[in-house]
Structures are given as C-alpha cells and as structure tokens.
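Asks: Before we start, here is the structure in question, set down as structure tokens.
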Amino acid sequence: MRKKNITLEKIKVEDYAAEGKALSKVDGKVVFIEGAIPGDVVDVRLTKNKKDWAEGKVLRVHQFSPDRVKPFCEHFGTCGGCKWQMLPYEKQLFYKEQEVKQHLRRIGKVELPEIEPILGCTDTRYYRNKLEFTCSNRRYLMADEIAAHDEIPQENAIGFHVPRIFDKVIDINTCHLMHEPANIIKNTVREYAQSRGLCFYDIREHVGFLRTMVIRVLTTGEVMVNVVFGREDKEEREALLDHLLQKVPSITTLLYTINTKRNDSLFDQEPIAYHGKGYALEKLEDFVFKIGPKSFFQTNTRQGEKLYQVTREFAELTGKETVYDLYCGTGSIGIFVSRQARKIVGVEVVAEAIEDAKENAALNGIEHASFFAGDVIDVCDDAFFATHGRPDVIITDPPRAGMHEKLVNKILEMEAPTVVYVSCNPATQARDLNLLDAKYKVTRVRPVDMFPHTHHIENVVQLKLRNS
C-alpha cells in the first residue's frame, strides 16, 4: 500500500522541466514541483508518487532563491495565468530556450544547427489583444475568507476559472495582461450588474443571465466587446449595454450573444452587433486584418509580428516561389509573406476561417493568394498540384497537438525544397521533425517568446530537402 500525504522536507530545487514545473532529485527519484523556482529550499507535499518520479506542491519555503522577484499581480498564486511572475524575465527566457533545446534533442533526435538566441518580448505586461472573462455566481473564496464566515457566502465574480476547479471563478480586480479599457469594461459590468441584482451564471445548474465577456483591445486603438448572456431579457440586456457604452465611450464595436447551450463555445453561435461595425481592424506591419467576434488572431500583436518576421526570413523568398500555407487560419502568415512570393496557396480545415482569409487578402489588395477549405491530406492531390503548382516553400503552423502523421507523410511526398515549421509546442514539433528527418535536414532554429510570465514558448524551424 502506498503511503498518502507524503511530505519531502527541505529539498533544494535544481532546475525547470517542461510545462513550467520546477524539479529536484530525491534519492534518485525526479520530483516535479509546482510553485517553486531553482534555488528555493522547500517542503513539498506529493500529489503523485510513482516508482521513478513524483509530483507535488510547495508546502513551505525555508529559503528563497536569490533569483526570486516580487510578483506584480495581487491575484498571483491563485489565478492560473502568469505563473512565472516570481522569476526575472531574463531567467524565463533562459529556461524557455533550454526547454526547446531539450525537446529537439531528446524527442527529435535529429542533427541540429546552433540554435539561435530566443527572441523575447519588449512588453512583458499588457501584451494581449484578447481576454475572455467568466461571469459566475460561485466566487472562489480564500481560506481566510472561509474561516471568517459561519456560512460560506455564494458571491458573484467576473474573472478567470480557478485551475482544475471548473465551477469556481476568481473575482479579478486588475488584470495586467491587457491595456485599458479592459479592466474598466470588466469592472463597469460587474458594478452595474451588482447594483441591479442581475443573475450571474451558475455553471452547475446552467442558469443565469450574465455568462461570459470577450474583450479585444487592439494596437489600432479599436476596442471590441462581446457580452454573452445565458438567456434573453431584452430590457435588461439593452440597459446594461447602453450603460457600458455611456461609461466606456472608447468601445468601437459592442456585440452580444445569447448562448443557451451547456458549454461556452461560440463557434456555432451568432454574435449580434449592438453598436459599431461588428468587427475590428488590426495591423501587422502595414497589413490590415479584419477580426470578427469569432476570428482567430495572434493574441500578442507586437510579438506576433516578430514571429512572422522570423517565419518570412526562414522562408528565404525571392519573389519567384509558390508558398503553401498549411493550417493557414485567417491567412495571416500567407498574407504577411505575400509580397516576397509569386503565389500563396492557403489550406485550412475550418471553412469560416477560409472566408476570413479571402476577405483579408482582398482588404490588402493581394490578388495572388488563394485559400481552400479542407484537410490538406485530401486537398493536395495531383489534380490540385496541376492547377496550382507544387510548393517551393511550405509553411506549417499546426495547433499544440502538432501535425497528424498523414500530413507529415504528405509533406514528405510534396518534397518542397524548404519547409518552415512554426510551433506553439516544441515537444510535438520535435516528434514531427523526427519523422521529417527521412527527407529533410533542420537548418535553422529560433525560439520566440509570445507569452511572458508563462511557460509557453513558440519555436520556428527551417528545414531543407536533402540533396536539393
């Protein structure tokens, strides 16, 4: 029988592992630790205990690492975001770069060039252009709050879900991820709803009026807000939206959505424009992109621009190439590299994204780009190549799960001289590079940090066809 409630005392944290967890070794066993940084001396309560490894949370800190800095957010330690605030940004970059190297070597197992220095963010706060807040009647209470009440109050909150607790929401006062008027908008809605006694959503019972709120604050100065209601109440809805417009006149587009489903996904919902044009415009360099309430767009505009600049550099375009943009989404990468290419061919499985891509190409006067909805494996056949030409350069930017093995095989079959692989998950990227190694050699690698104070890291890899 395994012992429960095991506590390891006064262990020194040695390093960081994947997904932002610190690690130490105790009697030859690797222990992954939440809430610590290298150099800390801590007591750890184990939450998992296997033969060769264990996981745990910090119970007590005996000695702080000399690298520790004071977190800037009042919600640090409770909110699931920005978990690395206690680590200086230059150290964050060091450990992110280290993670990329480890994944490419241990999982990829391919010959690597010297990895280029990580490209960090100029702005480490207020860098996001999109946030989604949840409205809930189940506010997360701290231990001291619970101790102070004989009966636990059921209070409203607008904020973020507590990690691993689906029905509790942290009431966020100030979030440092987005420029104002983001906090003003959120707090205005909360104060108005409280004063009017409006029902906040109950995720367990699936009832309530105020459900979620999506805010976009863009570098162009445009502000788009979509308030999602759990049921229709025209009088209360219009009163709230009018109040919000009066208090925050900088909102350029205000939408609402009535979502009566049991989940918060908006992909099958129809947001309705209440004020403004119903969409917002954002820029990458001098390219303009139309962003609707359901559009995907890089959430860090300024760093997204740098990510795409690295991608364009790695593509080594001369103006003569046919570029295939796989997982093209709303066409942002293809459009960004279009001036240096002869032809852009974008493929994306989400049909709505392809319509956005076509609109964005037209918005920028790009006539040599074509976008197609469907799975690359099915779309890119001999007839497609005969019509559109075979690719000279392939750019692929898959989701965190990486590329399906069938798509890797399709890329091997297409034999484009250059492939640029943009990834938000270096572990799955490394797995795919191992498969691509059958025909391709990795020639350049550069990590790009998109999300300061988190463990997330993007990585761009250039591959060249062997013997080409």
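Letters A, B, ... go to the chains of the structure tokens in the order shown; residues in each chain start at 1; ligands are counted from 1 in the same order.
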List the neighbours of segment 330-341 of chain A out to 9 Å using only C-alpha atoms; skip same-chain residues closer than 4 positions along the sequence, and give me the result as JSON, numbers by chain.
Replies: {"A": [284, 285, 287, 289, 295, 296, 297, 298, 305, 308, 309, 311, 312, 315, 316, 317, 318, 319, 320, 321, 322, 323, 324, 325, 345, 346, 347, 348, 352, 353, 354, 355, 356, 357, 358, 359, 360, 361, 364, 366, 368, 369, 371, 395, 397]}
Asks: For the residues selected in the previous step, produce a file with N, CA and C atoms as a compact mmCIF listing (two decimals), in the first residue's frame.
Replies:
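The resulting file, selection_30.txt, is reproduced below:
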```txt
# COMPACT_ATOMS: atom_id res chain seq x y z
N LEU A 284 -0.52 44.12 -38.73
CA LEU A 284 0.80 43.51 -38.60
C LEU A 284 1.66 44.17 -39.66
N GLU A 285 2.70 44.89 -39.24
CA GLU A 285 3.41 45.82 -40.14
C GLU A 285 2.36 46.73 -40.75
N PHE A 287 0.06 45.54 -42.95
CA PHE A 287 -1.04 44.68 -43.39
C PHE A 287 -2.22 44.84 -42.42
N PHE A 289 -5.92 43.50 -40.95
CA PHE A 289 -6.68 42.27 -40.79
C PHE A 289 -8.02 42.58 -40.12
N SER A 295 -13.20 35.25 -34.82
CA SER A 295 -11.97 35.06 -35.58
C SER A 295 -10.81 34.65 -34.68
N PHE A 296 -9.92 33.81 -35.24
CA PHE A 296 -8.65 33.56 -34.58
C PHE A 296 -7.63 34.57 -35.07
N PHE A 297 -6.87 35.13 -34.13
CA PHE A 297 -5.78 36.04 -34.47
C PHE A 297 -4.74 35.94 -33.36
N GLN A 298 -3.49 36.10 -33.72
CA GLN A 298 -2.43 36.05 -32.71
C GLN A 298 -2.78 36.99 -31.56
N GLU A 305 3.96 39.86 -34.80
CA GLU A 305 4.65 40.50 -35.91
C GLU A 305 6.09 39.99 -36.00
N TYR A 308 6.22 36.34 -37.20
CA TYR A 308 6.03 36.23 -38.64
C TYR A 308 7.24 36.75 -39.41
N GLN A 309 7.96 37.71 -38.84
CA GLN A 309 9.18 38.19 -39.48
C GLN A 309 10.24 37.09 -39.50
N THR A 311 9.54 33.89 -39.47
CA THR A 311 9.00 32.93 -40.43
C THR A 311 9.34 33.34 -41.85
N ARG A 312 9.13 34.61 -42.16
CA ARG A 312 9.41 35.14 -43.50
C ARG A 312 10.91 35.05 -43.82
N ALA A 315 11.82 31.53 -44.67
CA ALA A 315 11.28 31.07 -45.96
C ALA A 315 12.20 31.42 -47.12
N GLU A 316 13.08 32.41 -46.94
CA GLU A 316 14.09 32.79 -47.95
C GLU A 316 13.46 33.02 -49.32
N LEU A 317 12.45 33.87 -49.34
CA LEU A 317 11.71 34.11 -50.58
C LEU A 317 12.43 35.12 -51.47
N THR A 318 12.31 34.91 -52.78
CA THR A 318 12.93 35.80 -53.77
C THR A 318 11.91 36.47 -54.69
N GLY A 319 10.63 36.12 -54.52
CA GLY A 319 9.60 36.64 -55.40
C GLY A 319 9.18 35.66 -56.48
N LYS A 320 9.85 34.52 -56.55
CA LYS A 320 9.56 33.54 -57.60
C LYS A 320 8.83 32.30 -57.08
N GLU A 321 8.66 32.22 -55.76
CA GLU A 321 8.20 30.96 -55.15
C GLU A 321 6.68 30.86 -55.04
N THR A 322 6.22 29.60 -55.13
CA THR A 322 4.85 29.25 -54.74
C THR A 322 4.92 28.76 -53.30
N VAL A 323 4.18 29.45 -52.42
CA VAL A 323 4.22 29.14 -50.99
C VAL A 323 2.90 28.48 -50.59
N TYR A 324 3.00 27.31 -49.96
CA TYR A 324 1.82 26.67 -49.39
C TYR A 324 1.79 27.00 -47.89
N ASP A 325 0.69 27.60 -47.46
CA ASP A 325 0.48 27.96 -46.06
C ASP A 325 -0.51 26.97 -45.47
N VAL A 345 -0.77 29.80 -51.54
CA VAL A 345 -1.87 28.83 -51.51
C VAL A 345 -2.09 28.45 -50.04
N GLY A 346 -3.23 28.83 -49.50
CA GLY A 346 -3.54 28.54 -48.11
C GLY A 346 -4.57 27.44 -47.99
N VAL A 347 -4.35 26.53 -47.04
CA VAL A 347 -5.29 25.42 -46.81
C VAL A 347 -5.60 25.36 -45.32
N GLU A 348 -6.88 25.25 -45.00
CA GLU A 348 -7.35 25.26 -43.60
C GLU A 348 -8.64 24.46 -43.52
N GLU A 352 -15.02 28.68 -42.09
CA GLU A 352 -15.24 30.09 -41.74
C GLU A 352 -13.93 30.87 -41.76
N ALA A 353 -12.84 30.23 -41.33
CA ALA A 353 -11.53 30.88 -41.33
C ALA A 353 -11.08 31.18 -42.75
N ILE A 354 -11.39 30.28 -43.68
CA ILE A 354 -11.01 30.49 -45.08
C ILE A 354 -11.75 31.70 -45.66
N GLU A 355 -13.00 31.88 -45.29
CA GLU A 355 -13.73 33.06 -45.76
C GLU A 355 -13.09 34.33 -45.22
N ASP A 356 -12.64 34.30 -43.95
CA ASP A 356 -11.92 35.43 -43.38
C ASP A 356 -10.61 35.67 -44.12
N ALA A 357 -9.91 34.59 -44.47
CA ALA A 357 -8.63 34.72 -45.18
C ALA A 357 -8.83 35.39 -46.54
N LYS A 358 -9.87 34.99 -47.25
CA LYS A 358 -10.16 35.61 -48.55
C LYS A 358 -10.46 37.09 -48.40
N GLU A 359 -11.22 37.41 -47.34
CA GLU A 359 -11.57 38.81 -47.10
C GLU A 359 -10.33 39.63 -46.72
N ASN A 360 -9.45 39.04 -45.92
CA ASN A 360 -8.23 39.74 -45.53
C ASN A 360 -7.30 39.95 -46.72
N ALA A 361 -7.23 38.98 -47.60
CA ALA A 361 -6.41 39.15 -48.81
C ALA A 361 -6.95 40.30 -49.66
N ASN A 364 -6.19 43.73 -48.31
CA ASN A 364 -4.82 44.18 -48.52
C ASN A 364 -4.43 44.23 -50.00
N ILE A 366 -4.28 41.87 -52.21
CA ILE A 366 -3.43 40.75 -52.61
C ILE A 366 -4.21 39.83 -53.54
N HIS A 368 -2.71 37.48 -55.66
CA HIS A 368 -2.01 36.24 -55.99
C HIS A 368 -2.06 35.23 -54.85
N ALA A 369 -3.09 35.34 -54.00
CA ALA A 369 -3.29 34.39 -52.90
C ALA A 369 -4.63 33.69 -53.07
N PHE A 371 -7.19 30.59 -51.21
CA PHE A 371 -7.40 29.87 -49.95
C PHE A 371 -8.47 28.80 -50.12
N ILE A 395 4.91 26.44 -45.43
CA ILE A 395 4.87 26.98 -44.07
C ILE A 395 3.75 26.26 -43.34
N ASP A 397 1.84 25.74 -39.53
CA ASP A 397 1.65 26.30 -38.18
C ASP A 397 0.50 25.56 -37.51
```
Asks: Give the strand (DSSP E or B) residues of segment 346-425 of chain A, as DSSP finds them on the backbone, and put them as a list in words.
Replies: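 Those residues are Gly346, Val347, Glu348, Ala369, Ser370, Phe371, Phe372, Ala373, Val393, Ile394, Ile395, Thr396, Thr418, Val419, Val420, Tyr421, Val422 and Ser423 of chain A.
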Asks: Could those residues be written to a file, using N, CA and C atoms, as a PDB file, in the first residue's frame?
Replies:
```pdb
ATOM      1  N   GLY A 346      -3.229  28.834 -49.504  1.00  0.00           N
ATOM      2  CA  GLY A 346      -3.538  28.540 -48.106  1.00  0.00           C
ATOM      3  C   GLY A 346      -4.574  27.437 -47.987  1.00  0.00           C
ATOM      4  N   VAL A 347      -4.353  26.528 -47.042  1.00  0.00           N
ATOM      5  CA  VAL A 347      -5.292  25.424 -46.811  1.00  0.00           C
ATOM      6  C   VAL A 347      -5.602  25.356 -45.320  1.00  0.00           C
ATOM      7  N   GLU A 348      -6.882  25.248 -45.002  1.00  0.00           N
ATOM      8  CA  GLU A 348      -7.346  25.256 -43.603  1.00  0.00           C
ATOM      9  C   GLU A 348      -8.642  24.456 -43.524  1.00  0.00           C
ATOM     10  N   ALA A 369      -3.086  35.341 -53.995  1.00  0.00           N
ATOM     11  CA  ALA A 369      -3.290  34.390 -52.899  1.00  0.00           C
ATOM     12  C   ALA A 369      -4.631  33.689 -53.069  1.00  0.00           C
ATOM     13  N   SER A 370      -4.627  32.357 -52.907  1.00  0.00           N
ATOM     14  CA  SER A 370      -5.852  31.558 -52.975  1.00  0.00           C
ATOM     15  C   SER A 370      -5.956  30.729 -51.712  1.00  0.00           C
ATOM     16  N   PHE A 371      -7.187  30.585 -51.209  1.00  0.00           N
ATOM     17  CA  PHE A 371      -7.401  29.874 -49.948  1.00  0.00           C
ATOM     18  C   PHE A 371      -8.466  28.803 -50.121  1.00  0.00           C
ATOM     19  N   PHE A 372      -8.211  27.627 -49.528  1.00  0.00           N
ATOM     20  CA  PHE A 372      -9.069  26.471 -49.756  1.00  0.00           C
ATOM     21  C   PHE A 372      -9.414  25.799 -48.432  1.00  0.00           C
ATOM     22  N   ALA A 373     -10.697  25.458 -48.281  1.00  0.00           N
ATOM     23  CA  ALA A 373     -11.173  24.793 -47.070  1.00  0.00           C
ATOM     24  C   ALA A 373     -11.104  23.280 -47.258  1.00  0.00           C
ATOM     25  N   VAL A 393       7.995  26.395 -51.217  1.00  0.00           N
ATOM     26  CA  VAL A 393       8.136  26.580 -49.774  1.00  0.00           C
ATOM     27  C   VAL A 393       6.825  26.171 -49.109  1.00  0.00           C
ATOM     28  N   ILE A 394       6.927  25.392 -48.049  1.00  0.00           N
ATOM     29  CA  ILE A 394       5.762  25.057 -47.227  1.00  0.00           C
ATOM     30  C   ILE A 394       5.938  25.723 -45.870  1.00  0.00           C
ATOM     31  N   ILE A 395       4.913  26.438 -45.431  1.00  0.00           N
ATOM     32  CA  ILE A 395       4.870  26.980 -44.073  1.00  0.00           C
ATOM     33  C   ILE A 395       3.746  26.260 -43.342  1.00  0.00           C
ATOM     34  N   THR A 396       4.062  25.662 -42.217  1.00  0.00           N
ATOM     35  CA  THR A 396       3.039  24.935 -41.457  1.00  0.00           C
ATOM     36  C   THR A 396       3.017  25.445 -40.024  1.00  0.00           C
ATOM     37  N   THR A 418      12.017  23.838 -49.308  1.00  0.00           N
ATOM     38  CA  THR A 418      12.114  24.460 -47.986  1.00  0.00           C
ATOM     39  C   THR A 418      10.803  24.288 -47.236  1.00  0.00           C
ATOM     40  N   VAL A 419      10.901  23.919 -45.954  1.00  0.00           N
ATOM     41  CA  VAL A 419       9.742  23.862 -45.064  1.00  0.00           C
ATOM     42  C   VAL A 419      10.046  24.739 -43.856  1.00  0.00           C
ATOM     43  N   VAL A 420       9.096  25.580 -43.479  1.00  0.00           N
ATOM     44  CA  VAL A 420       9.203  26.368 -42.260  1.00  0.00           C
ATOM     45  C   VAL A 420       8.105  25.905 -41.314  1.00  0.00           C
ATOM     46  N   TYR A 421       8.509  25.387 -40.155  1.00  0.00           N
ATOM     47  CA  TYR A 421       7.573  24.810 -39.194  1.00  0.00           C
ATOM     48  C   TYR A 421       7.487  25.754 -37.993  1.00  0.00           C
ATOM     49  N   VAL A 422       6.308  26.378 -37.834  1.00  0.00           N
ATOM     50  CA  VAL A 422       6.036  27.269 -36.707  1.00  0.00           C
ATOM     51  C   VAL A 422       5.228  26.478 -35.684  1.00  0.00           C
ATOM     52  N   SER A 423       5.693  26.461 -34.439  1.00  0.00           N
ATOM     53  CA  SER A 423       5.042  25.608 -33.444  1.00  0.00           C
ATOM     54  C   SER A 423       4.826  26.344 -32.135  1.00  0.00           C
TER      55      SER A 423
END
```
Asks: Can you pull out every residue within 9 Å of Pro113 of chain A, counting only C-alpha atoms, but drop anything in the same chain fewer than 6 positions away, and send it as a ChimeraX atom specification?
Replies: /A:442-445
Asks: I need the chosen residues saved as a PDB file, in the first residue's frame, with C-alpha atoms.
Replies:
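Saved as selection-v3.pdb:
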```pdb
ATOM      1  CA  VAL A 442      16.972  21.024 -39.865  1.00  0.00           C
ATOM      2  CA  THR A 443      18.979  24.078 -40.899  1.00  0.00           C
ATOM      3  CA  ARG A 444      17.794  26.899 -38.617  1.00  0.00           C
ATOM      4  CA  VAL A 445      16.007  27.088 -35.244  1.00  0.00           C
TER       5      VAL A 445
END
```
Asks: Might you pull out every residue within 12 Å of Gly230 of chain A, with only C-alpha atoms counted and same-chain residues fewer than 5 positions away left off, and present them as a PDB file with N, CA and C atoms, in the first residue's frame?
Replies:
```
ATOM      1  N   THR A 134     -15.126  35.176 -17.314  1.00  0.00           N
ATOM      2  CA  THR A 134     -16.312  34.392 -16.979  1.00  0.00           C
ATOM      3  C   THR A 134     -17.100  35.088 -15.871  1.00  0.00           C
ATOM      4  N   CYS A 135     -18.409  35.152 -16.049  1.00  0.00           N
ATOM      5  CA  CYS A 135     -19.306  35.697 -15.019  1.00  0.00           C
ATOM      6  C   CYS A 135     -19.912  34.515 -14.262  1.00  0.00           C
ATOM      7  N   SER A 136     -19.764  34.496 -12.948  1.00  0.00           N
ATOM      8  CA  SER A 136     -20.192  33.329 -12.181  1.00  0.00           C
ATOM      9  C   SER A 136     -20.772  33.739 -10.836  1.00  0.00           C
ATOM     10  N   LEU A 198     -28.595  41.634 -11.094  1.00  0.00           N
ATOM     11  CA  LEU A 198     -28.646  40.709 -12.232  1.00  0.00           C
ATOM     12  C   LEU A 198     -28.045  39.359 -11.847  1.00  0.00           C
ATOM     13  N   CYS A 199     -28.587  38.293 -12.419  1.00  0.00           N
ATOM     14  CA  CYS A 199     -28.138  36.941 -12.093  1.00  0.00           C
ATOM     15  C   CYS A 199     -26.855  36.597 -12.850  1.00  0.00           C
ATOM     16  N   PHE A 200     -25.825  36.249 -12.098  1.00  0.00           N
ATOM     17  CA  PHE A 200     -24.607  35.742 -12.707  1.00  0.00           C
ATOM     18  C   PHE A 200     -24.799  34.244 -12.983  1.00  0.00           C
ATOM     19  N   TYR A 201     -24.096  33.732 -13.987  1.00  0.00           N
ATOM     20  CA  TYR A 201     -24.329  32.368 -14.446  1.00  0.00           C
ATOM     21  C   TYR A 201     -23.904  31.334 -13.406  1.00  0.00           C
ATOM     22  N   ASP A 202     -24.690  30.283 -13.276  1.00  0.00           N
ATOM     23  CA  ASP A 202     -24.373  29.149 -12.414  1.00  0.00           C
ATOM     24  C   ASP A 202     -23.996  27.984 -13.317  1.00  0.00           C
ATOM     25  N   ILE A 203     -22.712  27.655 -13.350  1.00  0.00           N
ATOM     26  CA  ILE A 203     -22.230  26.645 -14.297  1.00  0.00           C
ATOM     27  C   ILE A 203     -22.698  25.241 -13.942  1.00  0.00           C
ATOM     28  N   GLU A 205     -25.789  24.534 -12.491  1.00  0.00           N
ATOM     29  CA  GLU A 205     -27.218  24.441 -12.788  1.00  0.00           C
ATOM     30  C   GLU A 205     -27.555  24.905 -14.203  1.00  0.00           C
ATOM     31  N   HIS A 206     -26.592  25.552 -14.864  1.00  0.00           N
ATOM     32  CA  HIS A 206     -26.777  26.076 -16.217  1.00  0.00           C
ATOM     33  C   HIS A 206     -27.956  27.046 -16.294  1.00  0.00           C
ATOM     34  N   VAL A 207     -27.952  27.981 -15.353  1.00  0.00           N
ATOM     35  CA  VAL A 207     -28.954  29.039 -15.360  1.00  0.00           C
ATOM     36  C   VAL A 207     -28.247  30.353 -15.032  1.00  0.00           C
ATOM     37  N   GLY A 208     -28.885  31.451 -15.434  1.00  0.00           N
ATOM     38  CA  GLY A 208     -28.328  32.757 -15.121  1.00  0.00           C
ATOM     39  C   GLY A 208     -28.290  33.647 -16.346  1.00  0.00           C
ATOM     40  N   PHE A 209     -28.124  34.925 -16.117  1.00  0.00           N
ATOM     41  CA  PHE A 209     -28.213  35.938 -17.175  1.00  0.00           C
ATOM     42  C   PHE A 209     -26.827  36.291 -17.753  1.00  0.00           C
ATOM     43  N   LEU A 210     -25.921  36.775 -16.899  1.00  0.00           N
ATOM     44  CA  LEU A 210     -24.576  37.149 -17.363  1.00  0.00           C
ATOM     45  C   LEU A 210     -23.684  35.919 -17.418  1.00  0.00           C
ATOM     46  N   ARG A 211     -23.086  35.656 -18.585  1.00  0.00           N
ATOM     47  CA  ARG A 211     -22.360  34.387 -18.747  1.00  0.00           C
ATOM     48  C   ARG A 211     -20.848  34.594 -18.973  1.00  0.00           C
ATOM     49  N   THR A 212     -20.451  35.213 -20.055  1.00  0.00           N
ATOM     50  CA  THR A 212     -19.037  35.492 -20.314  1.00  0.00           C
ATOM     51  C   THR A 212     -18.911  36.832 -21.016  1.00  0.00           C
ATOM     52  N   MET A 213     -17.671  37.262 -21.179  1.00  0.00           N
ATOM     53  CA  MET A 213     -17.412  38.542 -21.842  1.00  0.00           C
ATOM     54  C   MET A 213     -16.050  38.461 -22.524  1.00  0.00           C
ATOM     55  N   ARG A 237     -30.863  43.475 -21.000  1.00  0.00           N
ATOM     56  CA  ARG A 237     -29.706  43.438 -21.891  1.00  0.00           C
ATOM     57  C   ARG A 237     -29.392  44.812 -22.455  1.00  0.00           C
ATOM     58  N   TYR A 256     -23.433  41.347 -28.708  1.00  0.00           N
ATOM     59  CA  TYR A 256     -23.951  40.448 -27.684  1.00  0.00           C
ATOM     60  C   TYR A 256     -24.286  39.107 -28.314  1.00  0.00           C
ATOM     61  N   THR A 257     -24.248  38.078 -27.493  1.00  0.00           N
ATOM     62  CA  THR A 257     -24.574  36.729 -27.935  1.00  0.00           C
ATOM     63  C   THR A 257     -25.473  36.088 -26.890  1.00  0.00           C
ATOM     64  N   ILE A 258     -26.539  35.433 -27.341  1.00  0.00           N
ATOM     65  CA  ILE A 258     -27.406  34.673 -26.437  1.00  0.00           C
ATOM     66  C   ILE A 258     -27.013  33.207 -26.566  1.00  0.00           C
ATOM     67  N   ASN A 259     -26.370  32.687 -25.537  1.00  0.00           N
ATOM     68  CA  ASN A 259     -25.883  31.303 -25.564  1.00  0.00           C
ATOM     69  C   ASN A 259     -26.626  30.493 -24.502  1.00  0.00           C
ATOM     70  N   THR A 260     -27.530  29.641 -24.952  1.00  0.00           N
ATOM     71  CA  THR A 260     -28.317  28.821 -24.024  1.00  0.00           C
ATOM     72  C   THR A 260     -27.799  27.388 -23.940  1.00  0.00           C
ATOM     73  N   LYS A 261     -26.653  27.114 -24.598  1.00  0.00           N
ATOM     74  CA  LYS A 261     -26.085  25.767 -24.560  1.00  0.00           C
ATOM     75  C   LYS A 261     -25.470  25.481 -23.190  1.00  0.00           C
ATOM     76  N   ARG A 262     -24.985  24.261 -23.031  1.00  0.00           N
ATOM     77  CA  ARG A 262     -24.357  23.874 -21.773  1.00  0.00           C
ATOM     78  C   ARG A 262     -22.848  24.107 -21.785  1.00  0.00           C
ATOM     79  N   ASN A 263     -22.315  24.609 -22.902  1.00  0.00           N
ATOM     80  CA  ASN A 263     -20.883  24.943 -22.934  1.00  0.00           C
ATOM     81  C   ASN A 263     -20.717  26.363 -23.454  1.00  0.00           C
ATOM     82  N   ASP A 264     -19.521  26.932 -23.240  1.00  0.00           N
ATOM     83  CA  ASP A 264     -19.277  28.340 -23.565  1.00  0.00           C
ATOM     84  C   ASP A 264     -18.770  28.574 -24.981  1.00  0.00           C
TER      85      ASP A 264
END
```
Asks: Residues near Ile457 of chain A, anyone? I mean within 8 Å using only C-alpha atoms, not counting same-chain ones fewer than 5 positions away, as a PyMOL selection string.
Replies: chain A and resi 96+424-426+447-451
Asks: Please return, as a PyMOL selection string, all residues of segment 135-205 of chain A that DSSP assigns to alpha helix (DSSP H) on the basis of the backbone.
Replies: chain A and resi 143-147+182-196
Asks: Can you build me a table of segment 141-218 of chain A residues sitting at most 7 Å from segment 66-82 of chain A, with the closest atom pair per residue and its distance in Å to one decimal, using only C-alpha atoms, sorted by chain and residue number, as JSON lines?
Replies:
```
{"residue": "A:Val162", "atom": "CA", "partner": "A:Cys79", "partner_atom": "CA", "distance": 6.1}
{"residue": "A:Pro163", "atom": "CA", "partner": "A:Gly80", "partner_atom": "CA", "distance": 5.4}
{"residue": "A:Ile170", "atom": "CA", "partner": "A:Cys79", "partner_atom": "CA", "distance": 6.9}
```
Asks: With N, CA and C atoms retained, export the selected residues as a PDB file, in the first residue's frame.
Replies:
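Result went into out_36.pdb, see below:
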```
ATOM      1  N   VAL A 162     -10.611  29.040 -11.620  1.00  0.00           N
ATOM      2  CA  VAL A 162      -9.527  28.528 -10.788  1.00  0.00           C
ATOM      3  C   VAL A 162      -8.974  27.271 -11.467  1.00  0.00           C
ATOM      4  N   PRO A 163      -7.644  27.135 -11.541  1.00  0.00           N
ATOM      5  CA  PRO A 163      -7.079  25.930 -12.166  1.00  0.00           C
ATOM      6  C   PRO A 163      -7.618  24.651 -11.540  1.00  0.00           C
ATOM      7  N   ILE A 170     -12.308  33.218  -9.978  1.00  0.00           N
ATOM      8  CA  ILE A 170     -11.613  34.232  -9.191  1.00  0.00           C
ATOM      9  C   ILE A 170     -12.119  35.603  -9.625  1.00  0.00           C
TER      10      ILE A 170
END
```
